[in-house]
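Taking it in order: structure first as structure tokens, then the write-up.
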Amino acid sequence: MINWLYSLRTSFFRTLSLVWLWIMALQWIYFMNNIWYSETTAIVIISVTVITAIEILLPIKSIYRYALEGIAVLYIIHREMIAYWIYFPAGSLPNRIQQFTGNALPYLGFAVGAWILLLFSAKLVNNQRRILVFTGMLIVAFSILDSFTVYDLWKEVAWTVFAALGWLVSEHFRRFQQKYPHGWRYLRQYPLKMLLNVAVIFSLVFAVGVNMPEVPPSLTDPYTAWVVQGETAATAGIDGDPAESVLRTSSGYSRNDTKLGGGFNFDYTPVMEISSDQRSYWRGETRRLYTGSGWGDERNSGRETDEVTADTKLSGDGPTAGDSMTVKQTVTMLSDNQYPVLFGAYNLSKVELIDDGKNTGSLRWNSSQSELRWTAESKRDRYPKTYTVVSEVPVVSEDEIRQKSFADLYGSQGTEDAYLQVPNDFPKRARDLAEEVTASGATPYEKIGLLQNYLTTNYTYTNEPDLSKKVSDDFVDSFLFEIKEGYCDYFSTSMVMMARSLGIPARWVKGYAPGQVQGSSADVQVQGVQGTSDSGVYTVTNADAHSWAEVYFGPYGWIPVEATPGFSMPLLTHDAQAQDPAEPEKQPEVEEDQPEQAPQQSAQGQDRGPVVQIVYGASLLILAAFAVYVLWRNRLQLRFGWLRLRTGQKLSPDQKVIVMTERWIKELRRRGLKRGADETLRESVSRWEGRSPALGSFLEPLLQLFEKARYSPSSVSESEWRSVHAHAKELKAAMKKIPKNAA
């Protein structure tokens with residue numbers, strides 16, 4: 001134990017360097033969280049933290065330390081893969097090892113890469129010049145990414161600068177220890193004083209930085225200026241998915257849903273024409289695994305499928321209650337884009353024809369998620385240009401389903417546990433909000449209606465949400481409590497997760513809104529309505545790319561629910577009076593012209609996350625305590641200043657001695673040595689010396705200087721006045737050694 005403590009003490013500055021480097025590493029991991037899977041981010045964060053702790057707490061031989069760190073990384077990967085449902089170990093030990101190695105390889109690469117970078121940086125960056133260069137490179141990199149991506153990285157830069165300042169301070173003390181060992185031993189005798197001075201400096205920098213006013217820049221980088229002038233770069237887009245491109249994206253069918261958020265531009269390029277006798281949402285894929293930042297089960301989308309051919313009846317467990325309406329659709333693609341699925345109204349029941357029977361691609365049916373997946377069997381295969389599908393669209397009586405309780409809907413049918421998945425770290429306040437909003441609803445249908453109504457009436461649609469308000473790491477939580485505006489992905493994901501938090505199975509769906517029926521004016525385009533007699537040919541564009549929720553109602557099956565303002569699915573509208581399907585509805589882009597809602601909090605207050613608030617509060621306490629200490633240390637000078645203001649002239653040394661005499665007499669009175677009302681000061685001092693002889697040597701010089709200042713024709717010199725202060729300090733120290741009430 002003694003050797004271990006000695007090793008920790010001798011490696012103190014290396015420990016500090018690792019802590020500062022760990023803080024810098026976390027900023028890059030937080031940025032990469034916008035691109036990585038959530039499980040990757042978790043694995044890397046935990047690995048870097050554990051490796052840093054091992055390096056600090058176990059000063060043993062490097063070979064043993066590295067071996068222990070490697071074992072820790074493997075365990076972390078194993079634990080997180082299970083936590084994120086990536087694999088479930090089963091069978092014998094060899095089978096488990098095979099399962100682990102088959103799934104762990106990509107995560108192992110990220111974890112080991114972070115491990116190597118951390119230790120290599122700690123080894124290489126070992127002096128002030130290298131710290132400055134290293135920090136400068138990080139700040140430049142963050143600045144470039146801040147300009148060329150949709151992410152606001154000022155917090156990452158701020159924490160990097162904070163860590164760099166700490167690193168430079170600790171490096172300064174390390175060099176001081178090496179160069180001036182005697183001075184360092186003196187400083188070690190007063191560690192609290194040294195740490196308090198450092199804390200005050202950091203607190204001042206942090207408090208000033210947090211409270212700096214937000215001033216728009218007068219100068220900007222050339223790329224940003226170019227974009228602002230309207231020369232935006234072309235981007236092959238998805239609907240606001242920042243994981244696909246570091247540039248601004250355009251609307252379109254999402255290809256990666258693991259990282260939702262960001263902003264996008266509307267792209268009105270035609271995608272397809274759909275001939276149908278019913279207006280509908282054209283459904284593509286569903287997602288069921290929410291990760292906190294998006295939907296993460298694309299890798300499982302090809303499983304649990306059956307190969308089918310044209311003119312094949314699609315199997316599946318359809319609803320056993322309610323009615324359905326047969327809807328036939330012919331889809332003609334207007335672009336050469338490749339898609340993983342064929343589109344159609346929910347629920348597809350049959351494929352009639354694909355490219356006149358000439359298409360040779362693979363067609364597979366995922367009955368559990370009602371997806372009709374298409375893949376090319378060779379490079380020559382192209383996505384079908386035209387196909388015909390038949391759907392059985394659910395028709396549900398609202399009066400009937402409204403009365404069904406949880407037991408009625410889920411008691412005998414099962415609860416679809418896979419669609420009740422909620423991350424362990426899903427914020428409690430989001431759950432509480434769902435409970436609060438639906439408190440007046442007794443049945444699942446009523447609760448879903450209350451959630452739908454709450455989202456559509458309390459949040460604003462925009463394709464350019466203000467992400468500077470985002471603090472929470474959870475996508476839904478940040479939307480509900482911080483950003484409070486967004487497009488379909490924000491509303492639909494929130495609808496699904498709030499429903500799940502209430503024990504109601506739900507899943508996320510993406511596809512296309514109905515589009516515009518040919519022959520109608522764009523100004524009177526109607527959004528998706530199922531179950532209305534609106535036959536025609538609908539032109540669907542990239543701007544119609546959309547996402548929504550589907551909620552499971554037991555024997556009634558999966559029912560689509562729309563929670564995005566500007567879109568309507570009358571099948572589930574909580575308002576007692578359903579909207580007239582023929583009534584024109586607003587396009588989502590119209591929302592851009594709506595006035596901004598007044599924020600409930602200042603933007604500055606919203607930008608401060610919990611960690612920032614804690615550090616900021618601690619900084620204010622340290623600065624307040626330091627201010628009190630400074631006032632106390634300079635209380636005599638403050639008194640002289642106050643007397644100068646009262647008299648209108650500078651105090652002479654004689655006057656200062658008299659003021660100081662009043663102070664040490666007051667100190668003696670607190671210790672019980674009181675001056676008699678009819679005594680001169682000399683008589684009182686003589687009596688005090690008789691009671692406490694130890695004070696005589698301290699009282700006598702003070703008495704002589706007082707008598708000189710009060711009665712002598714000669715004045716007290718400046719040096720004599722300064723000696724009064726020293727004698728008073730000595731007297732105060734001596735008084736602490738005598739008991740009170742000694743007089």
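In the structure tokens, the first chain shown is A, the next is B, and so on; residue numbers restart at 1 for each chain, and ligands run from 1 in the order shown.
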(message) At a cut-off of 10 Å, using only C-alpha atoms, what residues contact stretch 166-172 of chain A? Leave out same-chain residues fewer than 3 positions from it and give the result as a list of chain:residue names.
(response)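 In the requested form, the answer reads A:Phe12, A:Phe13, A:Arg14, A:Thr15, A:Leu16, A:Ser17, A:Leu18, A:Val19, A:Trp20, A:Leu21, A:Asn126, A:Asn127, A:Gln128, A:Arg129, A:Ile131, A:Leu132, A:Thr160, A:Val161, A:Phe162, A:Ala163, A:Arg175, A:Phe176, A:Gln177, A:Val198, A:Phe202.
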As an mmCIF file with all heavy atoms, in the first residue's frame, please: the residues near A:Ala90 (cut-off 9 Å, only C-alpha atoms, same-chain neighbours under 5 positions excluded).
data_model
loop_
_atom_site.group_PDB
_atom_site.id
_atom_site.type_symbol
_atom_site.label_atom_id
_atom_site.label_comp_id
_atom_site.auth_asym_id
_atom_site.auth_seq_id
_atom_site.Cartn_x
_atom_site.Cartn_y
_atom_site.Cartn_z
ATOM 1 N N ASN A 95 -19.342 -21.882 -28.898
ATOM 2 C CA ASN A 95 -20.356 -21.174 -29.672
ATOM 3 C C ASN A 95 -20.455 -19.713 -29.248
ATOM 4 O O ASN A 95 -20.617 -18.816 -30.079
ATOM 5 C CB ASN A 95 -21.715 -21.849 -29.516
ATOM 6 C CG ASN A 95 -21.784 -23.182 -30.228
ATOM 7 O OD1 ASN A 95 -21.040 -23.423 -31.179
ATOM 8 N ND2 ASN A 95 -22.655 -24.070 -29.763
ATOM 9 N N ARG A 96 -20.351 -19.481 -27.961
ATOM 10 C CA ARG A 96 -20.423 -18.107 -27.466
ATOM 11 C C ARG A 96 -19.229 -17.291 -27.953
ATOM 12 O O ARG A 96 -19.368 -16.117 -28.317
ATOM 13 C CB ARG A 96 -20.477 -18.092 -25.942
ATOM 14 C CG ARG A 96 -21.760 -18.698 -25.380
ATOM 15 C CD ARG A 96 -21.853 -18.502 -23.895
ATOM 16 N NE ARG A 96 -23.111 -18.997 -23.374
ATOM 17 C CZ ARG A 96 -23.726 -18.525 -22.302
ATOM 18 N NH1 ARG A 96 -23.175 -17.520 -21.628
ATOM 19 N NH2 ARG A 96 -24.868 -19.024 -21.894
ATOM 20 N N GLN A 99 -19.816 -16.459 -31.528
ATOM 21 C CA GLN A 99 -20.803 -15.392 -31.655
ATOM 22 C C GLN A 99 -20.180 -14.037 -31.315
ATOM 23 O O GLN A 99 -20.426 -13.034 -31.993
ATOM 24 C CB GLN A 99 -21.985 -15.661 -30.726
ATOM 25 C CG GLN A 99 -22.809 -16.887 -31.082
ATOM 26 C CD GLN A 99 -23.809 -17.229 -29.990
ATOM 27 O OE1 GLN A 99 -24.157 -16.393 -29.159
ATOM 28 N NE2 GLN A 99 -24.262 -18.464 -29.982
#
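Using only C-alpha atoms, the nearest neighbour of A:Thr564 within the list A:Ile622, A:Ala321, A:Ala199, A:Leu451 is A:Leu451.
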(request) Excluding stretch 265-272 of chain A and residues on its chain fewer than 3 positions from it, collect all residues at most 7 Å away from it, counting only C-alpha atoms, and give them as a list of chain:residue names. (result) A:Thr249, A:Ser250, A:Ser251, A:Val331, A:Thr332, A:Met333, A:Leu334, A:Ser335, A:Thr539, A:Val540, A:Thr541, A:Asn542, A:Ala543
Kindly save the residues from that selection, with N, CA, C and O atoms included, as a PDB file, in the first residue's frame.
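As a result, selection_10.pdb now contains:
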ATOM      1  N   THR A 249     -28.184  18.736 -46.242  1.00  0.00           N
ATOM      2  CA  THR A 249     -28.840  17.705 -47.019  1.00  0.00           C
ATOM      3  C   THR A 249     -30.111  18.227 -47.654  1.00  0.00           C
ATOM      4  O   THR A 249     -30.591  19.314 -47.352  1.00  0.00           O
ATOM      5  N   SER A 250     -30.643  17.413 -48.552  1.00  0.00           N
ATOM      6  CA  SER A 250     -31.906  17.716 -49.206  1.00  0.00           C
ATOM      7  C   SER A 250     -32.912  16.652 -48.829  1.00  0.00           C
ATOM      8  O   SER A 250     -32.565  15.539 -48.438  1.00  0.00           O
ATOM      9  N   SER A 251     -34.194  16.993 -48.974  1.00  0.00           N
ATOM     10  CA  SER A 251     -35.249  16.053 -48.620  1.00  0.00           C
ATOM     11  C   SER A 251     -35.211  14.855 -49.552  1.00  0.00           C
ATOM     12  O   SER A 251     -34.790  14.940 -50.704  1.00  0.00           O
ATOM     13  N   VAL A 331     -47.433   1.589 -59.517  1.00  0.00           N
ATOM     14  CA  VAL A 331     -46.345   2.534 -59.242  1.00  0.00           C
ATOM     15  C   VAL A 331     -45.429   2.610 -60.449  1.00  0.00           C
ATOM     16  O   VAL A 331     -44.969   1.571 -60.956  1.00  0.00           O
ATOM     17  N   THR A 332     -45.158   3.820 -60.917  1.00  0.00           N
ATOM     18  CA  THR A 332     -44.219   4.050 -62.016  1.00  0.00           C
ATOM     19  C   THR A 332     -43.109   4.956 -61.514  1.00  0.00           C
ATOM     20  O   THR A 332     -43.366   6.103 -61.108  1.00  0.00           O
ATOM     21  N   MET A 333     -41.874   4.472 -61.492  1.00  0.00           N
ATOM     22  CA  MET A 333     -40.749   5.246 -60.994  1.00  0.00           C
ATOM     23  C   MET A 333     -40.335   6.286 -62.020  1.00  0.00           C
ATOM     24  O   MET A 333     -40.285   6.017 -63.229  1.00  0.00           O
ATOM     25  N   LEU A 334     -40.034   7.496 -61.572  1.00  0.00           N
ATOM     26  CA  LEU A 334     -39.633   8.596 -62.445  1.00  0.00           C
ATOM     27  C   LEU A 334     -38.151   8.931 -62.299  1.00  0.00           C
ATOM     28  O   LEU A 334     -37.682   9.897 -62.891  1.00  0.00           O
ATOM     29  N   SER A 335     -37.431   8.152 -61.506  1.00  0.00           N
ATOM     30  CA  SER A 335     -35.994   8.376 -61.326  1.00  0.00           C
ATOM     31  C   SER A 335     -35.287   7.033 -61.357  1.00  0.00           C
ATOM     32  O   SER A 335     -35.916   5.973 -61.347  1.00  0.00           O
ATOM     33  N   THR A 539     -48.441  12.341 -58.109  1.00  0.00           N
ATOM     34  CA  THR A 539     -47.019  12.570 -58.363  1.00  0.00           C
ATOM     35  C   THR A 539     -46.322  12.795 -57.027  1.00  0.00           C
ATOM     36  O   THR A 539     -46.663  13.724 -56.283  1.00  0.00           O
ATOM     37  N   VAL A 540     -45.352  11.950 -56.734  1.00  0.00           N
ATOM     38  CA  VAL A 540     -44.632  11.995 -55.461  1.00  0.00           C
ATOM     39  C   VAL A 540     -43.221  12.495 -55.721  1.00  0.00           C
ATOM     40  O   VAL A 540     -42.527  11.989 -56.613  1.00  0.00           O
ATOM     41  N   THR A 541     -42.776  13.485 -54.932  1.00  0.00           N
ATOM     42  CA  THR A 541     -41.439  14.058 -55.086  1.00  0.00           C
ATOM     43  C   THR A 541     -40.600  13.781 -53.851  1.00  0.00           C
ATOM     44  O   THR A 541     -41.096  13.271 -52.831  1.00  0.00           O
ATOM     45  N   ASN A 542     -39.332  14.155 -53.935  1.00  0.00           N
ATOM     46  CA  ASN A 542     -38.456  13.996 -52.770  1.00  0.00           C
ATOM     47  C   ASN A 542     -38.950  14.810 -51.582  1.00  0.00           C
ATOM     48  O   ASN A 542     -38.695  14.463 -50.426  1.00  0.00           O
ATOM     49  N   ALA A 543     -39.651  15.924 -51.847  1.00  0.00           N
ATOM     50  CA  ALA A 543     -40.176  16.746 -50.759  1.00  0.00           C
ATOM     51  C   ALA A 543     -41.289  16.048 -49.997  1.00  0.00           C
ATOM     52  O   ALA A 543     -41.644  16.469 -48.893  1.00  0.00           O
TER      53      ALA A 543
END
Can you build me a table of stretch 273-360 of chain A residues sitting at most 12 Å from stretch 419-439 of chain A, with the closest atom pair per residue and its distance in Å to one decimal, using only C-alpha atoms, sorted by chain and residue number, as a tab-separated table?
residue	atom	partner	partner_atom	distance
A:Thr286	CA	A:Tyr419	CA	11.0
A:Arg287	CA	A:Tyr419	CA	9.2
A:Arg288	CA	A:Tyr419	CA	5.8
A:Leu289	CA	A:Gln421	CA	6.8
A:Tyr290	CA	A:Val422	CA	6.8
A:Thr291	CA	A:Pro423	CA	6.6
A:Gly292	CA	A:Pro423	CA	7.0
A:Ser293	CA	A:Pro423	CA	10.6
A:Gly294	CA	A:Pro423	CA	11.5
A:Trp295	CA	A:Gln421	CA	11.5
A:Gly296	CA	A:Pro423	CA	11.9
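Distances here use only C-alpha atoms; by that measure, the residue among A:Val496, A:Leu57, A:Ala563, A:Ala545 closest to A:Thr460 is A:Ala563.
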(request) Find the residue from A:Val517, A:Asp381, A:Pro505, A:Ser203 that sits nearest to A:Ser619; use only C-alpha atoms when measuring. (result) A:Ser203
(request) Just give me the gap between atom CA of A:Ser143 and atom CA of A:Gln27 in Å, one decimal is fine. (result)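 Rounded to one decimal, the two atoms are 13.0 Å apart.
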(request) Work out how far atom CA of A:Trp548 is from atom CA of A:Phe567, in Å to one decimal. (result)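 That distance, rounded to one decimal, is 9.9 Å.
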(message) Just the number, please: distance in Å from atom CA of A:Leu124 to atom CA of A:Val44, one decimal.
(response)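 Atom CA of A:Val44 lies 21.3 Å from atom CA of A:Leu124.
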(message) Which residues are near A:Pro340? Cut-off 10 Å, only C-alpha atoms, ignore same chain within fewer than 2 positions. Put them as a VMD selection string.
(response) chain A and resid 255 284 to 285 301 to 302 338 342 to 343 363 371 to 376 383
(message) I'd like the neighbourhood of A:Leu153 as a list in words, where a residue qualifies if any of its atoms comes within 8 Å (using only C-alpha atoms), though same-chain residues fewer than 5 positions away should be ignored.
(response)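 Using only C-alpha atoms, the neighbours found are Phe31, Phe142, Ser143, Leu145 and Asp146 of chain A.
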(message) Which residues are close to A:Lys404, i.e. within 8 Å by only C-alpha atoms, leaving aside same-chain residues fewer than 3 positions away? Reply as number ranges by chain.
(response) A: 400-401, 407-409, 443-445
